[in-house]
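First the structure, in the form of structure tokens, and then the observations on it.
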Amino acid sequence: MKNFALIGAAGYIAPRHMKAIKDTGNNLIAAYDVNDSVGIIDSFFPKCAFFSQYELFERHISKKRAVSESGVVKEDYPKGKLDFVSVCTPNYLHDAHIRFGLRAGADVICEKPLVLNPWNIDALEFAQKETGHKIYNILQLRLHDAIIALKKRVDEGPKDKIYDVDLTYITSRGNWYYTSWKGDPRKSGGVATNIGVHFYDMLGWIFGEVKQNIVHVYSHDRVAGYLEFEKARVRYFLSINVNTLPQEAKDAGKRTYRSLMMEGQEVEFSEGFTELHTTSYKHILNGNGFGLEDARKCIQIVHDIRNATPIGLKGDYHPYARLEKTPHPFGW
Amino acid sequence: MHVLKRHLIHSAGNKREKINNLETVKQFALMGVAGYIAPRHLKAIKNSGNNLVSCIDPFDSVGLLDSYFPECSYFNQFELFDRHLSKLKSAGKGVDYLSVCTPDYLHDAHIRYGLKIGANVITEKPMVLNPKNLDDLELTEKASGMRVNTILQLRYHEIILGLKKQIEEGPKDKIYDIDLNYTTSRGSWFYTSWKGNPLQSGGIATNIGIHFYDMFQWIFGKVSKNVVHIKTHDRVAGYLELEKARVRYFLSINSDTLPPEISATGQRIYRAITIDGKTLDFTDGFADLHTESYKKILKGEGFGISDARPSIEIVHDIEVAQPIGLKGDYHPFARLPLASHPFGW
């Protein structure tokens, strides 16, 4: 049984990590969040220590480490060392919290996107070497059956084939999004980084190295662009604006729309997104997790998209790029 | 409006329905939207056919709004929330109701804010922490012309309603002997959160007990004696004498106080009430009582300041009481060994 600590316990994604830790038969000994609405802990690990101040959390972990290294067994301390720190904090804090975990003598499991910039990965590589501990990233789409099947199909297909792919992903968010850290591009990286990183990772994983990365339209609520990989030409459209949903989705009262067209044919992968954290944890605990190098390609892609100058409706763009733009909901 | 209404009522029936809707859809604002209890309020607002226009919480993990009111404005700073509501008011579109589900010590401030902006208020339990807050609130409520409502959902619980009826129809001079044993285990996070700070949440009696105290006084009448035997960070045991009942109670958030046969099953909650030795079973039926509460409030039948007062007086008296220890008629669980506070810096 491994001992875990978790940073970001009050956030949206934390329950999936707690469930994954529990479902894999492990123990959460300490958790931290600046916000204290964390009653969810009782459903998974009622004995877990919780802190709302970083220094008290840090103190707890370092005391725990000193005790475990001294060999003294204390009744109210969980047995054994701290093995893993799970990081599910706002994106811009991942780098800092990963470093905390490594320095605490633990391996780290971090939510997506691992970091916001490619150079962060270089520096983290150094920190890994320095501490002798490892960083894992949750890239759960790589564990999705439909995506695995798609990769197999491409791997086993003709070597020189270049596929034409249209990716459309719309997941509507209300106004709250723009008030939260997710709506602040310096904290979340923007829509491509926050919403899209799984898809860019999936595309890079299946279709190989990036040869061209063009952004047509980029705003607070959408991004449309073109990505050329070794084995694919991808036109994509990502959006969090409910108005960009296709009519049939709107009519059905849906707020999410996901479509991957390859060579004019729909690849079905609408289900099974939410249960993949436990699979990811199993994968990591078996020694097969996705590490720093696995994350590099998608971090490079989202970084380049974030810093590109959109060229507008020129060249081969996704048809939805033409949709009417919407002003930012805030105008002070 | 009247002309329009008459016109529409005289036209097709479905239009009549529409205009009724237009008239009855109430606009809500909500404070404390990232908290534990907020989803029940969101659900109640939606299920009662109304609309949430604006909400606030300093913590921004509020994606659940998308499941209820995706168009709703959300703020994490009070001044921006206030600005939004006052702009709406100036435009003649001020909210009808403010729902307050913030930490307990902030209720009074947020209720007052709601009244100030011309809204009726629906507040979570406990309405306030001290009876003296209610005196001032009463004046403010009167001056504002608005109404302050509180959620006392146990009064809508079918079993409790049945019990009240049974007691009312029973012998007038009968005094019932009641034992309440309620453990709802909380992990150590509780003591880090505002809930573990008595200045912000009251103590255990206020935090987890108030619904029970309200129910007892509602059914069995006024308190004539309020004795506290044991009171610590994780439990309270005491004795309440009411017009028609003698109640020994034990409330706890420590899982070690669960009866062994309960903890053996892995359960973390234990709720038992015996009346004259007979068990009252009311494990279920708690889920949708917020919606029921909202429906009543919207009909003008909500519970107000005077309804909230007795239970707030009871818990206040318990919080300030000096425990007398194991003397007199105490709940048997009061004897359980005490636990030390999980924090010792």
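Within each chain, counting starts at residue 1; across the structure tokens, chains are named A, B, ... in the order shown, with ligands numbered 1 upward in that order.
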
Counting only C-alpha atoms, a student should be able to say which residues of chain B come within 6 Å of chain A; what is the right answer, written as a short mmCIF file (atom, residue, chain, number, x, y, z; two decimals) with N, CA and C atoms, in the first residue's frame?
```cif
data_model
loop_
_atom_site.label_atom_id
_atom_site.label_comp_id
_atom_site.auth_asym_id
_atom_site.auth_seq_id
_atom_site.Cartn_x
_atom_site.Cartn_y
_atom_site.Cartn_z
N GLY B 35 -19.78 26.17 -1.99
CA GLY B 35 -19.82 25.39 -0.75
C GLY B 35 -20.59 24.09 -0.89
N ASP B 60 -13.30 29.64 -6.56
CA ASP B 60 -13.86 29.64 -7.92
C ASP B 60 -14.11 28.26 -8.52
N SER B 61 -14.19 27.24 -7.70
CA SER B 61 -14.49 25.91 -8.24
C SER B 61 -16.01 25.74 -8.33
N ASP B 66 -22.88 25.13 -14.50
CA ASP B 66 -23.26 24.74 -15.86
C ASP B 66 -24.37 23.70 -15.88
N PRO B 70 -26.39 27.87 -16.66
CA PRO B 70 -25.17 28.25 -17.40
C PRO B 70 -25.08 29.74 -17.73
N GLU B 71 -26.21 30.43 -17.72
CA GLU B 71 -26.18 31.86 -18.07
C GLU B 71 -25.85 32.74 -16.86
N SER B 73 -24.33 34.84 -13.86
CA SER B 73 -23.07 35.55 -13.64
C SER B 73 -22.44 35.06 -12.33
N TYR B 74 -21.13 34.95 -12.34
CA TYR B 74 -20.44 34.49 -11.13
C TYR B 74 -19.31 35.46 -10.78
N GLY B 187 -13.87 13.76 9.33
CA GLY B 187 -12.42 13.58 9.38
C GLY B 187 -11.74 14.82 9.92
N SER B 188 -10.42 14.80 9.94
CA SER B 188 -9.72 15.92 10.57
C SER B 188 -9.77 17.19 9.73
N TRP B 189 -10.17 17.09 8.47
CA TRP B 189 -10.38 18.31 7.66
C TRP B 189 -11.33 19.26 8.36
N SER B 193 -11.21 23.44 8.59
CA SER B 193 -12.19 24.28 7.91
C SER B 193 -12.86 25.22 8.91
#
```

Strand (DSSP E or B) per DSSP on the backbone: members of range 76-282 of chain B, as a PyMOL selection string: chain B and resi 97-100+120-123+148-150+176-184+223-231+235-242+245-252+269-275+278-280

From A:Ile109, A:Met1, A:Leu260, A:Ile7, residue lying nearest Lys79 in chain A [only C-alpha atoms]: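 Result for the nearest residue to Lys79 in chain A: A:Met1.
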
Residues within 12 Å of Lys165 in chain B, only C-alpha atoms, excluding chain neighbours under 6 positions, as number ranges by chain: B: 155, 158-159, 171, 218-220

Residue contacts of Pro90 in chain A (7 Å, only C-alpha atoms) excluding same-chain residues fewer than 3 positions away, as a list in words: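 The residues that qualify are Leu93, His94, Lys187 and Ser188 of chain A.
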
10 Å contact set for range 209-216 of chain B, only C-alpha atoms, chain neighbours under 4 positions out, as JSON, numbers by chain: {"B": [125, 126, 151, 152, 153, 154, 155, 160, 161, 164, 178, 180, 182, 203, 204, 205, 220, 221, 222, 223, 236, 240, 242, 244, 245, 246, 247, 249, 250, 251, 252, 307, 308, 309, 310, 311, 312, 313, 314, 315]}

File dump, residues just selected, C-alpha atoms, as a CSV table (one decimal), in the first residue's frame:
```
chain,number,residue,atom,x,y,z
B,125,LYS,CA,-29.3,27.0,9.1
B,126,PRO,CA,-28.5,28.4,11.6
B,151,ILE,CA,-34.4,26.4,6.0
B,152,LEU,CA,-35.8,24.2,8.7
B,153,GLN,CA,-36.3,21.2,6.5
B,154,LEU,CA,-36.9,18.6,9.2
B,155,ARG,CA,-40.3,20.3,9.7
B,160,ILE,CA,-41.5,14.2,11.8
B,161,LEU,CA,-44.8,15.5,10.7
B,164,LYS,CA,-46.0,15.9,15.6
B,178,ILE,CA,-36.7,10.8,24.7
B,180,LEU,CA,-31.3,11.2,20.9
B,182,TYR,CA,-26.5,11.2,16.6
B,203,GLY,CA,-19.9,24.4,18.3
B,204,ILE,CA,-21.1,20.8,17.7
B,205,ALA,CA,-24.6,21.7,19.0
B,220,PHE,CA,-42.8,19.2,22.4
B,221,GLY,CA,-43.0,22.8,23.3
B,222,LYS,CA,-40.9,25.4,25.1
B,223,VAL,CA,-37.7,24.6,26.9
B,236,VAL,CA,-21.9,17.4,23.2
B,240,LEU,CA,-33.4,19.3,27.7
B,242,LEU,CA,-39.5,20.7,27.3
B,244,LYS,CA,-44.0,17.7,26.9
B,245,ALA,CA,-40.6,15.9,26.9
B,246,ARG,CA,-37.5,15.1,28.8
B,247,VAL,CA,-34.7,14.7,26.3
B,249,TYR,CA,-29.1,13.7,23.9
B,250,PHE,CA,-25.6,12.8,22.6
B,251,LEU,CA,-24.2,14.5,19.4
B,252,SER,CA,-20.8,13.7,18.0
B,307,ASP,CA,-39.5,30.4,13.8
B,308,ALA,CA,-35.8,30.3,13.9
B,309,ARG,CA,-35.5,31.9,17.3
B,310,PRO,CA,-36.2,29.0,19.7
B,311,SER,CA,-33.6,26.7,18.3
B,312,ILE,CA,-31.0,29.5,18.1
B,313,GLU,CA,-31.7,30.3,21.7
B,314,ILE,CA,-31.2,26.6,22.7
B,315,VAL,CA,-27.9,26.2,20.9
```

Ile214 in chain A environment, 7 Å, only C-alpha atoms, sequence neighbours closer than 5 positions dropped, as a count of residues only: 3

Would you return as a short mmCIF file (atom, residue, chain, number, x, y, z; two decimals) with N, CA and C atoms, in the first residue's frame the members of range 114-213 of chain A that DSSP assigns to alpha helix (DSSP H) on this structure's backbone?
```cif
data_model
loop_
_atom_site.label_atom_id
_atom_site.label_comp_id
_atom_site.auth_asym_id
_atom_site.auth_seq_id
_atom_site.Cartn_x
_atom_site.Cartn_y
_atom_site.Cartn_z
N PRO A 118 7.23 24.68 -22.58
CA PRO A 118 8.19 23.60 -22.81
C PRO A 118 9.46 23.73 -21.95
N TRP A 119 9.91 24.96 -21.70
CA TRP A 119 11.15 25.09 -20.93
C TRP A 119 10.98 24.65 -19.48
N ASN A 120 9.74 24.67 -18.99
CA ASN A 120 9.48 24.14 -17.65
C ASN A 120 9.84 22.66 -17.59
N ILE A 121 9.61 21.97 -18.70
CA ILE A 121 9.91 20.53 -18.73
C ILE A 121 11.41 20.30 -18.60
N ASP A 122 12.21 21.13 -19.30
CA ASP A 122 13.67 20.99 -19.19
C ASP A 122 14.11 21.14 -17.74
N ALA A 123 13.58 22.17 -17.10
CA ALA A 123 13.99 22.44 -15.72
C ALA A 123 13.51 21.32 -14.79
N LEU A 124 12.32 20.79 -15.07
CA LEU A 124 11.80 19.70 -14.23
C LEU A 124 12.63 18.43 -14.40
N GLU A 125 13.16 18.24 -15.59
CA GLU A 125 14.01 17.08 -15.83
C GLU A 125 15.21 17.12 -14.89
N PHE A 126 15.74 18.31 -14.76
CA PHE A 126 16.88 18.51 -13.86
C PHE A 126 16.46 18.20 -12.41
N ALA A 127 15.28 18.68 -12.04
CA ALA A 127 14.79 18.45 -10.67
C ALA A 127 14.57 16.95 -10.42
N GLN A 128 14.13 16.24 -11.43
CA GLN A 128 13.96 14.78 -11.33
C GLN A 128 15.28 14.10 -11.03
N LYS A 129 16.30 14.51 -11.79
CA LYS A 129 17.64 13.93 -11.62
C LYS A 129 18.18 14.24 -10.23
N GLU A 130 18.00 15.49 -9.85
CA GLU A 130 18.51 15.96 -8.56
C GLU A 130 17.92 15.16 -7.40
N THR A 131 16.61 14.89 -7.48
CA THR A 131 15.93 14.24 -6.35
C THR A 131 15.86 12.73 -6.49
N ASP A 145 -10.15 3.17 -24.81
CA ASP A 145 -10.18 2.05 -25.76
C ASP A 145 -10.32 2.50 -27.22
N ALA A 146 -11.22 3.45 -27.45
CA ALA A 146 -11.45 3.87 -28.84
C ALA A 146 -10.20 4.53 -29.43
N ILE A 147 -9.46 5.27 -28.58
CA ILE A 147 -8.26 5.95 -29.05
C ILE A 147 -7.13 4.94 -29.28
N ILE A 148 -7.06 3.96 -28.39
CA ILE A 148 -6.06 2.90 -28.57
C ILE A 148 -6.32 2.16 -29.90
N ALA A 149 -7.60 1.89 -30.17
CA ALA A 149 -7.95 1.20 -31.42
C ALA A 149 -7.59 2.06 -32.63
N LEU A 150 -7.81 3.35 -32.49
CA LEU A 150 -7.48 4.25 -33.60
C LEU A 150 -5.98 4.27 -33.86
N LYS A 151 -5.21 4.29 -32.79
CA LYS A 151 -3.75 4.28 -32.95
C LYS A 151 -3.29 3.00 -33.63
N LYS A 152 -3.90 1.90 -33.23
CA LYS A 152 -3.54 0.61 -33.81
C LYS A 152 -3.83 0.62 -35.31
N ARG A 153 -5.00 1.15 -35.63
CA ARG A 153 -5.41 1.20 -37.04
C ARG A 153 -4.39 2.01 -37.86
N VAL A 154 -3.95 3.13 -37.32
CA VAL A 154 -3.00 3.98 -38.05
C VAL A 154 -1.62 3.30 -38.10
N ASP A 155 -1.21 2.72 -36.97
CA ASP A 155 0.10 2.04 -36.93
C ASP A 155 0.16 0.90 -37.94
N GLU A 156 -0.97 0.20 -38.09
CA GLU A 156 -0.99 -0.97 -38.96
C GLU A 156 -1.36 -0.62 -40.39
N TRP A 176 -19.21 31.84 -15.31
CA TRP A 176 -18.32 31.60 -14.16
C TRP A 176 -16.90 31.33 -14.63
N TYR A 177 -16.77 30.69 -15.81
CA TYR A 177 -15.46 30.29 -16.30
C TYR A 177 -14.50 31.49 -16.35
N TYR A 178 -15.04 32.63 -16.75
CA TYR A 178 -14.17 33.80 -16.95
C TYR A 178 -13.80 34.48 -15.64
N THR A 179 -14.58 34.22 -14.61
CA THR A 179 -14.22 34.74 -13.29
C THR A 179 -13.17 33.84 -12.65
N PRO A 185 -5.76 33.58 -18.89
CA PRO A 185 -4.79 32.84 -19.71
C PRO A 185 -3.43 32.68 -19.04
N ARG A 186 -3.06 33.59 -18.15
CA ARG A 186 -1.77 33.43 -17.48
C ARG A 186 -1.80 32.28 -16.47
N LYS A 187 -2.99 31.95 -16.00
CA LYS A 187 -3.10 30.87 -15.02
C LYS A 187 -3.45 29.53 -15.66
N SER A 188 -4.26 29.57 -16.70
CA SER A 188 -4.72 28.30 -17.29
C SER A 188 -4.08 28.02 -18.64
N VAL A 191 -7.89 28.54 -23.80
CA VAL A 191 -8.77 27.43 -24.19
C VAL A 191 -8.00 26.25 -24.78
N ALA A 192 -7.04 26.52 -25.67
CA ALA A 192 -6.30 25.42 -26.31
C ALA A 192 -5.59 24.60 -25.24
N THR A 193 -4.96 25.27 -24.30
CA THR A 193 -4.18 24.58 -23.27
C THR A 193 -5.10 23.86 -22.30
N ASN A 194 -6.12 24.56 -21.84
CA ASN A 194 -6.93 24.02 -20.76
C ASN A 194 -7.91 22.96 -21.23
N ILE A 195 -8.53 23.21 -22.37
CA ILE A 195 -9.55 22.29 -22.88
C ILE A 195 -8.95 21.33 -23.90
N GLY A 196 -7.96 21.82 -24.66
CA GLY A 196 -7.52 21.06 -25.83
C GLY A 196 -6.36 20.12 -25.62
N VAL A 197 -5.61 20.29 -24.52
CA VAL A 197 -4.32 19.59 -24.42
C VAL A 197 -4.45 18.07 -24.59
N HIS A 198 -5.54 17.47 -24.12
CA HIS A 198 -5.73 16.03 -24.29
C HIS A 198 -5.80 15.65 -25.77
N PHE A 199 -6.47 16.49 -26.53
CA PHE A 199 -6.64 16.17 -27.95
C PHE A 199 -5.33 16.34 -28.72
N TYR A 200 -4.59 17.38 -28.40
CA TYR A 200 -3.30 17.55 -29.07
C TYR A 200 -2.36 16.40 -28.71
N ASP A 201 -2.43 15.99 -27.45
CA ASP A 201 -1.61 14.85 -27.04
C ASP A 201 -1.99 13.61 -27.83
N MET A 202 -3.29 13.38 -27.92
CA MET A 202 -3.78 12.21 -28.65
C MET A 202 -3.34 12.25 -30.11
N LEU A 203 -3.46 13.42 -30.74
CA LEU A 203 -3.09 13.54 -32.16
C LEU A 203 -1.59 13.27 -32.34
N GLY A 204 -0.78 13.86 -31.46
CA GLY A 204 0.66 13.67 -31.56
C GLY A 204 1.07 12.22 -31.29
N TRP A 205 0.34 11.60 -30.39
CA TRP A 205 0.63 10.21 -30.02
C TRP A 205 0.33 9.28 -31.19
N ILE A 206 -0.76 9.57 -31.89
CA ILE A 206 -1.17 8.69 -32.99
C ILE A 206 -0.45 9.02 -34.30
N PHE A 207 -0.31 10.31 -34.58
CA PHE A 207 0.12 10.69 -35.94
C PHE A 207 1.57 11.17 -36.05
#
```
